[in-house]
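The file model37.cif contains mmCIF, C-alpha atoms:
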```
data_run
#
loop_
_atom_site.label_atom_id
_atom_site.label_comp_id
_atom_site.auth_asym_id
_atom_site.auth_seq_id
_atom_site.Cartn_x
_atom_site.Cartn_y
_atom_site.Cartn_z
CA MET A 15 -71.61 -65.72 -83.73
CA PRO A 16 -69.02 -66.31 -86.52
CA PRO A 17 -65.32 -66.34 -85.59
CA ALA A 18 -63.52 -63.02 -85.78
CA LEU A 19 -60.20 -61.33 -85.13
CA THR A 20 -60.53 -58.65 -82.45
CA LEU A 21 -58.39 -55.59 -83.14
CA PRO A 22 -56.72 -53.44 -80.48
CA ASP A 23 -59.38 -50.73 -80.91
CA GLY A 24 -62.18 -53.23 -80.31
CA ARG A 25 -63.26 -53.65 -83.93
CA ARG A 26 -63.87 -57.20 -85.16
CA LEU A 27 -62.78 -58.66 -88.49
CA VAL A 28 -65.37 -61.34 -89.08
CA LEU A 29 -64.07 -64.56 -90.63
CA ASP A 30 -67.11 -66.04 -92.35
CA ASP A 31 -67.74 -67.25 -95.89
CA ARG A 32 -66.39 -63.99 -97.34
CA THR A 33 -62.64 -64.46 -97.67
CA LEU A 34 -60.88 -61.28 -96.54
CA LEU A 35 -58.58 -59.47 -98.97
CA MET A 36 -55.24 -58.25 -97.60
CA GLY A 37 -53.64 -55.75 -99.98
CA ILE A 38 -49.85 -55.43 -100.12
CA VAL A 39 -47.90 -52.18 -99.75
CA ASN A 40 -44.16 -52.87 -100.03
CA ILE A 41 -41.86 -49.91 -99.35
CA THR A 42 -38.81 -51.84 -100.49
CA PRO A 43 -36.28 -51.56 -103.33
CA ASP A 44 -35.89 -55.33 -103.71
CA SER A 45 -39.20 -57.18 -103.25
CA PHE A 46 -39.65 -59.88 -105.89
CA SER A 47 -42.67 -58.37 -107.66
CA ASP A 48 -43.01 -54.71 -106.79
CA GLY A 49 -39.63 -53.74 -105.35
CA GLY A 50 -38.79 -50.13 -106.12
CA MET A 51 -42.25 -49.30 -107.49
CA LEU A 52 -43.15 -47.19 -104.45
CA GLN A 53 -40.24 -44.78 -104.22
CA ASN A 54 -41.45 -42.68 -101.30
CA ALA A 55 -44.05 -42.48 -98.56
CA ALA A 56 -46.45 -40.41 -100.65
CA GLN A 57 -46.52 -43.03 -103.41
CA ALA A 58 -46.95 -45.85 -100.88
CA ILE A 59 -49.80 -44.05 -99.14
CA ALA A 60 -51.55 -43.39 -102.45
CA HIS A 61 -51.13 -47.06 -103.37
CA GLY A 62 -52.61 -48.17 -100.05
CA VAL A 63 -55.59 -45.84 -100.50
CA ARG A 64 -56.14 -47.27 -103.98
CA LEU A 65 -56.11 -50.82 -102.60
CA VAL A 66 -58.80 -49.86 -100.10
CA GLU A 67 -60.89 -48.28 -102.85
CA GLU A 68 -60.55 -51.53 -104.81
CA GLY A 69 -61.88 -53.57 -101.90
CA ALA A 70 -59.03 -54.43 -99.52
CA ASP A 71 -60.21 -55.44 -96.04
CA ILE A 72 -56.67 -55.12 -94.60
CA VAL A 73 -53.61 -53.21 -95.85
CA ASP A 74 -50.30 -54.96 -95.12
CA VAL A 75 -47.36 -52.55 -94.87
CA GLY A 76 -43.81 -53.90 -95.18
CA GLY A 77 -40.41 -52.24 -95.24
CA GLU A 78 -38.06 -55.20 -95.64
CA SER A 79 -37.98 -57.63 -98.55
CA THR A 80 -38.28 -61.32 -97.73
CA ARG A 81 -37.15 -62.61 -101.12
CA PRO A 82 -34.20 -65.03 -101.17
CA GLY A 83 -30.90 -63.18 -101.03
CA HIS A 84 -32.46 -59.94 -99.83
CA ALA A 85 -30.28 -57.47 -97.98
CA PRO A 86 -30.94 -57.65 -94.21
CA LEU A 87 -32.33 -54.45 -92.76
CA ASP A 88 -31.85 -52.95 -89.30
CA ALA A 89 -34.93 -51.97 -87.32
CA ALA A 90 -34.25 -48.23 -87.54
CA THR A 91 -34.11 -48.27 -91.34
CA GLU A 92 -37.21 -50.45 -91.53
CA LEU A 93 -39.13 -48.11 -89.23
CA GLY A 94 -37.97 -45.12 -91.26
CA ARG A 95 -39.68 -46.67 -94.25
CA VAL A 96 -42.95 -47.86 -92.70
CA LEU A 97 -43.88 -45.32 -90.01
CA PRO A 98 -44.58 -42.38 -92.40
CA VAL A 99 -46.74 -44.70 -94.53
CA ILE A 100 -48.64 -45.99 -91.51
CA ALA A 101 -49.27 -42.42 -90.35
CA GLY A 102 -50.47 -41.36 -93.79
CA LEU A 103 -52.78 -44.33 -94.20
CA ARG A 104 -54.22 -43.82 -90.73
CA GLU A 105 -55.21 -40.30 -91.81
CA ARG A 106 -56.71 -41.40 -95.13
CA VAL A 107 -58.46 -44.73 -94.51
CA GLY A 108 -60.21 -46.55 -91.69
CA THR A 109 -59.26 -49.98 -92.98
CA PRO A 110 -57.18 -52.03 -90.51
CA LEU A 111 -53.44 -52.05 -91.18
CA SER A 112 -50.99 -54.88 -90.58
CA ILE A 113 -47.22 -54.67 -90.23
CA ASP A 114 -45.16 -57.18 -92.21
CA THR A 115 -42.10 -57.71 -90.01
CA TRP A 116 -40.34 -60.36 -87.94
CA LYS A 117 -38.77 -57.85 -85.54
CA ALA A 118 -40.39 -57.20 -82.15
CA GLU A 119 -39.03 -53.65 -82.10
CA VAL A 120 -40.66 -52.80 -85.43
CA ALA A 121 -43.94 -54.45 -84.45
CA GLU A 122 -44.04 -52.47 -81.19
CA ALA A 123 -43.52 -49.12 -82.91
CA ALA A 124 -46.00 -49.95 -85.67
CA LEU A 125 -48.70 -50.95 -83.18
CA GLN A 126 -48.11 -47.74 -81.24
CA ALA A 127 -48.53 -45.85 -84.53
CA GLY A 128 -51.93 -47.41 -85.16
CA VAL A 129 -51.36 -50.75 -86.87
CA SER A 130 -53.83 -53.46 -85.81
CA ILE A 131 -52.24 -56.77 -86.87
CA VAL A 132 -48.74 -58.27 -86.77
CA ASN A 133 -47.70 -60.36 -89.79
CA ASP A 134 -44.49 -62.33 -89.08
CA VAL A 135 -42.89 -64.26 -91.95
CA TRP A 136 -40.80 -66.24 -89.44
CA GLY A 137 -43.70 -67.37 -87.27
CA ALA A 138 -42.32 -65.81 -84.05
CA GLN A 139 -39.34 -68.14 -84.25
CA ARG A 140 -36.67 -65.66 -85.35
CA ASP A 141 -37.63 -63.06 -82.73
CA PRO A 142 -40.02 -64.73 -80.25
CA ALA A 143 -40.49 -61.45 -78.37
CA ILE A 144 -42.78 -60.35 -81.20
CA ALA A 145 -45.50 -62.61 -79.81
CA GLY A 146 -45.40 -60.79 -76.49
CA VAL A 147 -45.71 -57.48 -78.31
CA ALA A 148 -48.88 -58.66 -80.04
CA ALA A 149 -50.27 -59.99 -76.77
CA ARG A 150 -49.68 -56.74 -74.88
CA HIS A 151 -51.45 -54.72 -77.56
CA GLY A 152 -54.32 -57.18 -77.96
CA ALA A 153 -53.40 -57.57 -81.63
CA PRO A 154 -53.91 -60.62 -83.84
CA ILE A 155 -50.70 -62.20 -85.12
CA ILE A 156 -50.13 -64.02 -88.41
CA LEU A 157 -47.53 -66.79 -88.16
CA MET A 158 -45.94 -67.92 -91.43
CA HIS A 159 -43.88 -71.04 -92.10
CA ASN A 160 -40.39 -70.37 -93.41
CA ARG A 161 -37.17 -72.28 -94.05
CA GLU A 162 -33.59 -71.18 -94.70
CA THR A 163 -33.04 -73.93 -97.29
CA THR A 164 -35.02 -75.94 -99.80
CA ASP A 165 -35.19 -79.74 -99.60
CA PRO A 166 -37.10 -81.33 -102.52
CA GLY A 167 -37.28 -84.64 -100.63
CA LEU A 168 -38.91 -83.11 -97.56
CA ASP A 169 -42.47 -83.96 -96.55
CA ILE A 170 -43.38 -80.29 -96.73
CA LEU A 171 -46.85 -80.59 -95.24
CA SER A 172 -45.50 -82.37 -92.17
CA ASP A 173 -42.73 -79.76 -91.85
CA VAL A 174 -45.22 -76.89 -92.10
CA LEU A 175 -47.50 -78.42 -89.48
CA ARG A 176 -44.62 -79.05 -87.03
CA PHE A 177 -43.21 -75.54 -87.54
CA LEU A 178 -46.58 -73.85 -87.11
CA GLU A 179 -47.38 -75.94 -84.05
CA ARG A 180 -44.22 -74.50 -82.46
CA SER A 181 -45.16 -71.00 -83.61
CA VAL A 182 -48.65 -71.27 -82.15
CA ALA A 183 -47.18 -72.57 -78.88
CA ILE A 184 -44.82 -69.56 -78.70
CA ALA A 185 -47.70 -67.16 -79.27
CA ARG A 186 -49.97 -68.90 -76.78
CA GLU A 187 -47.26 -68.91 -74.11
CA ALA A 188 -46.80 -65.17 -74.70
CA GLY A 189 -50.49 -64.61 -74.01
CA VAL A 190 -52.02 -64.44 -77.49
CA PRO A 191 -55.43 -66.21 -77.49
CA ARG A 192 -55.70 -68.97 -80.07
CA GLU A 193 -58.59 -67.18 -81.78
CA GLN A 194 -56.20 -64.25 -82.40
CA ILE A 195 -53.64 -66.41 -84.21
CA VAL A 196 -53.65 -66.85 -88.01
CA VAL A 197 -51.42 -69.44 -89.71
CA ASP A 198 -49.82 -69.14 -93.16
CA PRO A 199 -48.05 -72.00 -95.01
CA GLY A 200 -45.60 -69.59 -96.68
CA ILE A 201 -46.18 -70.23 -100.37
CA GLY A 202 -43.25 -69.47 -102.68
CA LEU A 203 -39.53 -69.20 -102.19
CA PHE A 204 -39.62 -69.58 -98.43
CA GLY A 205 -37.64 -72.83 -98.46
CA LYS A 206 -40.03 -74.60 -100.82
CA THR A 207 -39.94 -75.96 -104.35
CA PRO A 208 -42.79 -75.08 -106.72
CA GLU A 209 -44.10 -78.62 -106.36
CA GLN A 210 -44.14 -78.27 -102.59
CA SER A 211 -45.99 -74.96 -102.82
CA LEU A 212 -48.59 -76.55 -105.09
CA ARG A 213 -49.05 -79.38 -102.62
CA LEU A 214 -49.58 -76.92 -99.77
CA ILE A 215 -52.28 -75.07 -101.71
CA ARG A 216 -53.88 -78.35 -102.75
CA GLU A 217 -53.91 -79.64 -99.17
CA LEU A 218 -54.44 -76.31 -97.41
CA ALA A 219 -57.36 -77.72 -95.42
CA GLN A 220 -54.88 -79.88 -93.47
CA LEU A 221 -53.82 -76.72 -91.62
CA GLU A 222 -57.25 -76.58 -89.99
CA SER A 223 -55.92 -79.13 -87.51
CA LEU A 224 -54.00 -76.25 -85.89
CA GLY A 225 -57.29 -74.68 -84.80
CA CYS A 226 -56.49 -71.25 -86.25
CA PRO A 227 -57.73 -69.27 -89.28
CA ILE A 228 -55.63 -69.72 -92.41
CA LEU A 229 -54.02 -67.07 -94.60
CA LEU A 230 -52.93 -67.92 -98.15
CA GLY A 231 -50.49 -65.72 -100.07
CA ALA A 232 -49.73 -67.02 -103.56
CA SER A 233 -49.96 -63.62 -105.26
CA ARG A 234 -47.64 -63.41 -108.29
CA LYS A 235 -45.38 -66.06 -106.70
CA SER A 236 -42.83 -68.08 -108.65
CA VAL A 237 -44.99 -71.20 -108.43
CA ILE A 238 -47.65 -69.39 -110.49
CA GLY A 239 -44.97 -68.61 -113.06
CA VAL A 240 -43.83 -72.24 -113.19
CA VAL A 241 -47.38 -73.43 -113.90
CA THR A 242 -48.29 -70.69 -116.39
CA GLY A 243 -44.94 -69.97 -118.02
CA GLN A 244 -45.18 -66.30 -117.07
CA SER A 245 -41.71 -65.09 -116.08
CA VAL A 246 -42.81 -61.54 -115.18
CA PRO A 247 -44.55 -61.45 -111.77
CA ALA A 248 -47.02 -58.75 -112.85
CA ASP A 249 -48.25 -61.07 -115.62
CA ARG A 250 -49.35 -63.73 -113.10
CA VAL A 251 -52.58 -62.06 -111.97
CA ALA A 252 -55.02 -64.57 -113.50
CA GLY A 253 -53.04 -67.50 -112.15
CA SER A 254 -52.94 -65.88 -108.72
CA VAL A 255 -56.72 -65.44 -108.74
CA ALA A 256 -57.17 -69.11 -109.63
CA ALA A 257 -54.88 -70.23 -106.81
CA HIS A 258 -56.69 -68.07 -104.27
CA LEU A 259 -60.17 -69.14 -105.37
CA TYR A 260 -59.07 -72.74 -104.95
CA GLY A 261 -57.53 -71.88 -101.59
CA ALA A 262 -60.82 -70.39 -100.43
CA THR A 263 -62.52 -73.73 -101.10
CA GLN A 264 -59.86 -75.32 -98.87
CA GLY A 265 -60.44 -73.00 -95.93
CA ALA A 266 -58.42 -69.83 -96.56
CA ALA A 267 -60.00 -67.09 -94.44
CA ILE A 268 -57.63 -64.36 -95.68
CA ILE A 269 -55.69 -63.99 -98.92
CA ARG A 270 -52.67 -61.68 -99.19
CA ILE A 271 -52.56 -60.11 -102.65
CA HIS A 272 -51.06 -57.45 -104.89
CA ASP A 273 -54.01 -57.16 -107.29
CA VAL A 274 -57.03 -56.33 -105.14
CA ALA A 275 -59.43 -55.22 -107.90
CA ALA A 276 -59.07 -58.45 -109.88
CA HIS A 277 -59.53 -60.60 -106.78
CA ALA A 278 -62.49 -58.57 -105.51
CA GLN A 279 -64.28 -59.02 -108.82
CA ALA A 280 -63.50 -62.74 -109.02
CA PHE A 281 -64.63 -63.42 -105.47
CA LYS A 282 -67.90 -61.50 -105.96
CA VAL A 283 -68.76 -63.69 -108.95
CA TRP A 284 -67.66 -66.85 -107.16
CA ARG A 285 -69.81 -66.04 -104.13
CA ALA A 286 -72.81 -65.27 -106.33
CA LEU A 287 -72.44 -68.60 -108.12
CA SER A 288 -72.00 -70.41 -104.80
CA GLN A 289 -75.39 -69.23 -103.52
CA PRO A 290 -78.27 -71.74 -103.69
CA ALA A 291 -80.40 -71.14 -106.75
CA GLU A 292 -83.73 -69.47 -106.08
CA PRO A 293 -86.70 -71.70 -106.89
CA SER A 294 -88.38 -70.82 -110.16
CA ALA A 295 -91.90 -69.45 -110.04
#
```
Kindly transcribe the structure held in the file into structure tokens.
Amino acid sequence: MPPALTLPDGRRLVLDDRTLLMGIVNITPDSFSDGGMLQNAAQAIAHGVRLVEEGADIVDVGGESTRPGHAPLDAATELGRVLPVIAGLRERVGTPLSIDTWKAEVAEAALQAGVSIVNDVWGAQRDPAIAGVAARHGAPIILMHNRETTDPGLDILSDVLRFLERSVAIAREAGVPREQIVVDPGIGLFGKTPEQSLRLIRELAQLESLGCPILLGASRKSVIGVVTGQSVPADRVAGSVAAHLYGATQGAAIIRIHDVAAHAQAFKVWRALSQPAEPSA
């Protein structure tokens, strides 16, 4: 039986050769790419439904920007943004939802509202109680590497591995089974230079030593802009697809993306070309 993430309702998200697509719904005024685009819950719900129609396997709902210099948000404000969207999506789609938060309080309320996965950009190291929340609900947890500062001289791969080892240990001690833990190197401006982000994508397979599925999120990130010269995040779709296709060859089980339709099409063609050729008659 292939590995899978078991959701609180008993459903299984199989992690096989078909990389899962996690579509992004940001209800924020200041996210780097789509901040302010979804002005209210109705728009966010409609966007999430559209992502599912385009092929998203998971819809990731977030109410607080994680871009550098973002304004910190209290849990009550964050919940005021995400809970109506979660409720609306639960009524409209059956696709599993994840909550993009580092706060245990927000994760708890979101899981009670019907979210299935916790996605923590601070790897359970800013609010370790979030791991216990996931464990109690039987929810998978995604642990991302993050740094407060950028150090161009840092061995970034070693730093990511050490950080994520600590994150996995926190989750395991809280009762989350290893097979329910996903690791994410944190591509982009999460304390990394563009060169460091490129190295992490190039050497993504090194994260397999952690014994957990890998998520890659390079969608529209600044590193794509550095390589392509595209300064507008929305113009980085083709570069994002290329990064994620490469990441899939290096073991990415899930990719977190803004542009689901483009990725779904690209991955269908890639999988078709990856199949062994049928013998000619």
What's around Leu214 of chain A at 9 Å? Count all atoms listed in the file, leave out sequence neighbours fewer than 4 positions away in its own chain, and write the answer as a compact mmCIF listing (two decimals) with C-alpha atoms, in the coordinates of the input.
```txt
# COMPACT_ATOMS: atom_id res chain seq x y z
CA ILE A 170 -43.38 -80.29 -96.73
CA LEU A 171 -46.85 -80.59 -95.24
CA VAL A 174 -45.22 -76.89 -92.10
CA PRO A 199 -48.05 -72.00 -95.01
CA GLY A 200 -45.60 -69.59 -96.68
CA ILE A 201 -46.18 -70.23 -100.37
CA GLU A 209 -44.10 -78.62 -106.36
CA GLN A 210 -44.14 -78.27 -102.59
CA LEU A 218 -54.44 -76.31 -97.41
CA ALA A 219 -57.36 -77.72 -95.42
CA GLN A 220 -54.88 -79.88 -93.47
```
Exercise. Taking the file as shown, find all residues satisfying the PyMOL selection byres ((chain A and resi 115-129) around 8) and write them as a PyMOL selection string.
Key: chain A and resi 76-78+89+92-93+96-97+100-101+104+110-114+130-138+140-145+147-148+151
Those same residues, written as a short mmCIF file (atom, residue, chain, number, x, y, z; two decimals), keeping the file's coordinate frame with C-alpha atoms?
```cif
data_model
loop_
_atom_site.label_atom_id
_atom_site.label_comp_id
_atom_site.auth_asym_id
_atom_site.auth_seq_id
_atom_site.Cartn_x
_atom_site.Cartn_y
_atom_site.Cartn_z
CA GLY A 76 -43.81 -53.90 -95.18
CA GLY A 77 -40.41 -52.24 -95.24
CA GLU A 78 -38.06 -55.20 -95.64
CA ALA A 89 -34.93 -51.97 -87.32
CA GLU A 92 -37.21 -50.45 -91.53
CA LEU A 93 -39.13 -48.11 -89.23
CA VAL A 96 -42.95 -47.86 -92.70
CA LEU A 97 -43.88 -45.32 -90.01
CA ILE A 100 -48.64 -45.99 -91.51
CA ALA A 101 -49.27 -42.42 -90.35
CA ARG A 104 -54.22 -43.82 -90.73
CA PRO A 110 -57.18 -52.03 -90.51
CA LEU A 111 -53.44 -52.05 -91.18
CA SER A 112 -50.99 -54.88 -90.58
CA ILE A 113 -47.22 -54.67 -90.23
CA ASP A 114 -45.16 -57.18 -92.21
CA SER A 130 -53.83 -53.46 -85.81
CA ILE A 131 -52.24 -56.77 -86.87
CA VAL A 132 -48.74 -58.27 -86.77
CA ASN A 133 -47.70 -60.36 -89.79
CA ASP A 134 -44.49 -62.33 -89.08
CA VAL A 135 -42.89 -64.26 -91.95
CA TRP A 136 -40.80 -66.24 -89.44
CA GLY A 137 -43.70 -67.37 -87.27
CA ALA A 138 -42.32 -65.81 -84.05
CA ARG A 140 -36.67 -65.66 -85.35
CA ASP A 141 -37.63 -63.06 -82.73
CA PRO A 142 -40.02 -64.73 -80.25
CA ALA A 143 -40.49 -61.45 -78.37
CA ILE A 144 -42.78 -60.35 -81.20
CA ALA A 145 -45.50 -62.61 -79.81
CA VAL A 147 -45.71 -57.48 -78.31
CA ALA A 148 -48.88 -58.66 -80.04
CA HIS A 151 -51.45 -54.72 -77.56
#
```
Exercise. Work out how far atom CA of Pro154 of chain A is from atom CA of Leu259 of chain A, in Å to one decimal.
Key: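 Between atom CA of Leu259 of chain A and atom CA of Pro154 of chain A the gap is 24.0 Å.
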Quiz item: What does the distance between atom CA of Pro208 of chain A and atom CA of Arg285 of chain A come to in Å, to one decimal place?
Solution: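 Computing it gives 28.6 Å between the two atoms.
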Self-check item: Nearest to Gly152 of chain A, chosen from A:Gly108, A:Arg25, A:Ile72, A:Gln279, with only C-alpha atoms counted in the distances
Solution: A:Arg25
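Using only C-alpha atoms, the shortest contact distance between Ile269 of chain A and any of A:Glu193, A:Glu222, A:Asp249, A:Asp74 is found at A:Asp74.
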Quiz item: Where does the PyMOL selection byres ((chain A and resi 68) around 6) land in this file, that is, which residues does it pick, as a PyMOL selection string?
Solution: chain A and resi 65-67+69+274-275
Exercise. Kindly give the distance, in Å, that separates atom CA of Ala280 of chain A and atom CA of Val255 of chain A, rounded to a single decimal.
Key: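 Computing the Euclidean distance for atom CA of Ala280 of chain A and atom CA of Val255 of chain A yields 7.3 Å.
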Quiz item: Nearest to Val75 of chain A: which of A:Pro191, A:Gly37, A:Gly202, A:Pro43 is it, counting all atoms listed in the file?
Solution: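 Of A:Pro191, A:Gly37, A:Gly202, A:Pro43, the one nearest Val75 of chain A is A:Gly37, counting all atoms listed in the file.
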Quiz prompt | Nearest-residue call for Val73 of chain A, choices A:His272, A:Met158, A:Phe204, A:Val197, using only C-alpha atoms | solution = A:His272
Exercise. Rank nothing, just name the residue among A:Val237, A:Leu224, A:Leu19, A:Ala185 nearest to Lys206 of chain A, using all atoms listed in the file.
Key: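 Under the stated criterion, the closest residue is A:Val237.
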Self-check item: Proximity to Ala70 of chain A - best of A:Asp88, A:Glu187, A:Asp273, A:Asp23, all atoms listed in the file
Solution: A:Asp273
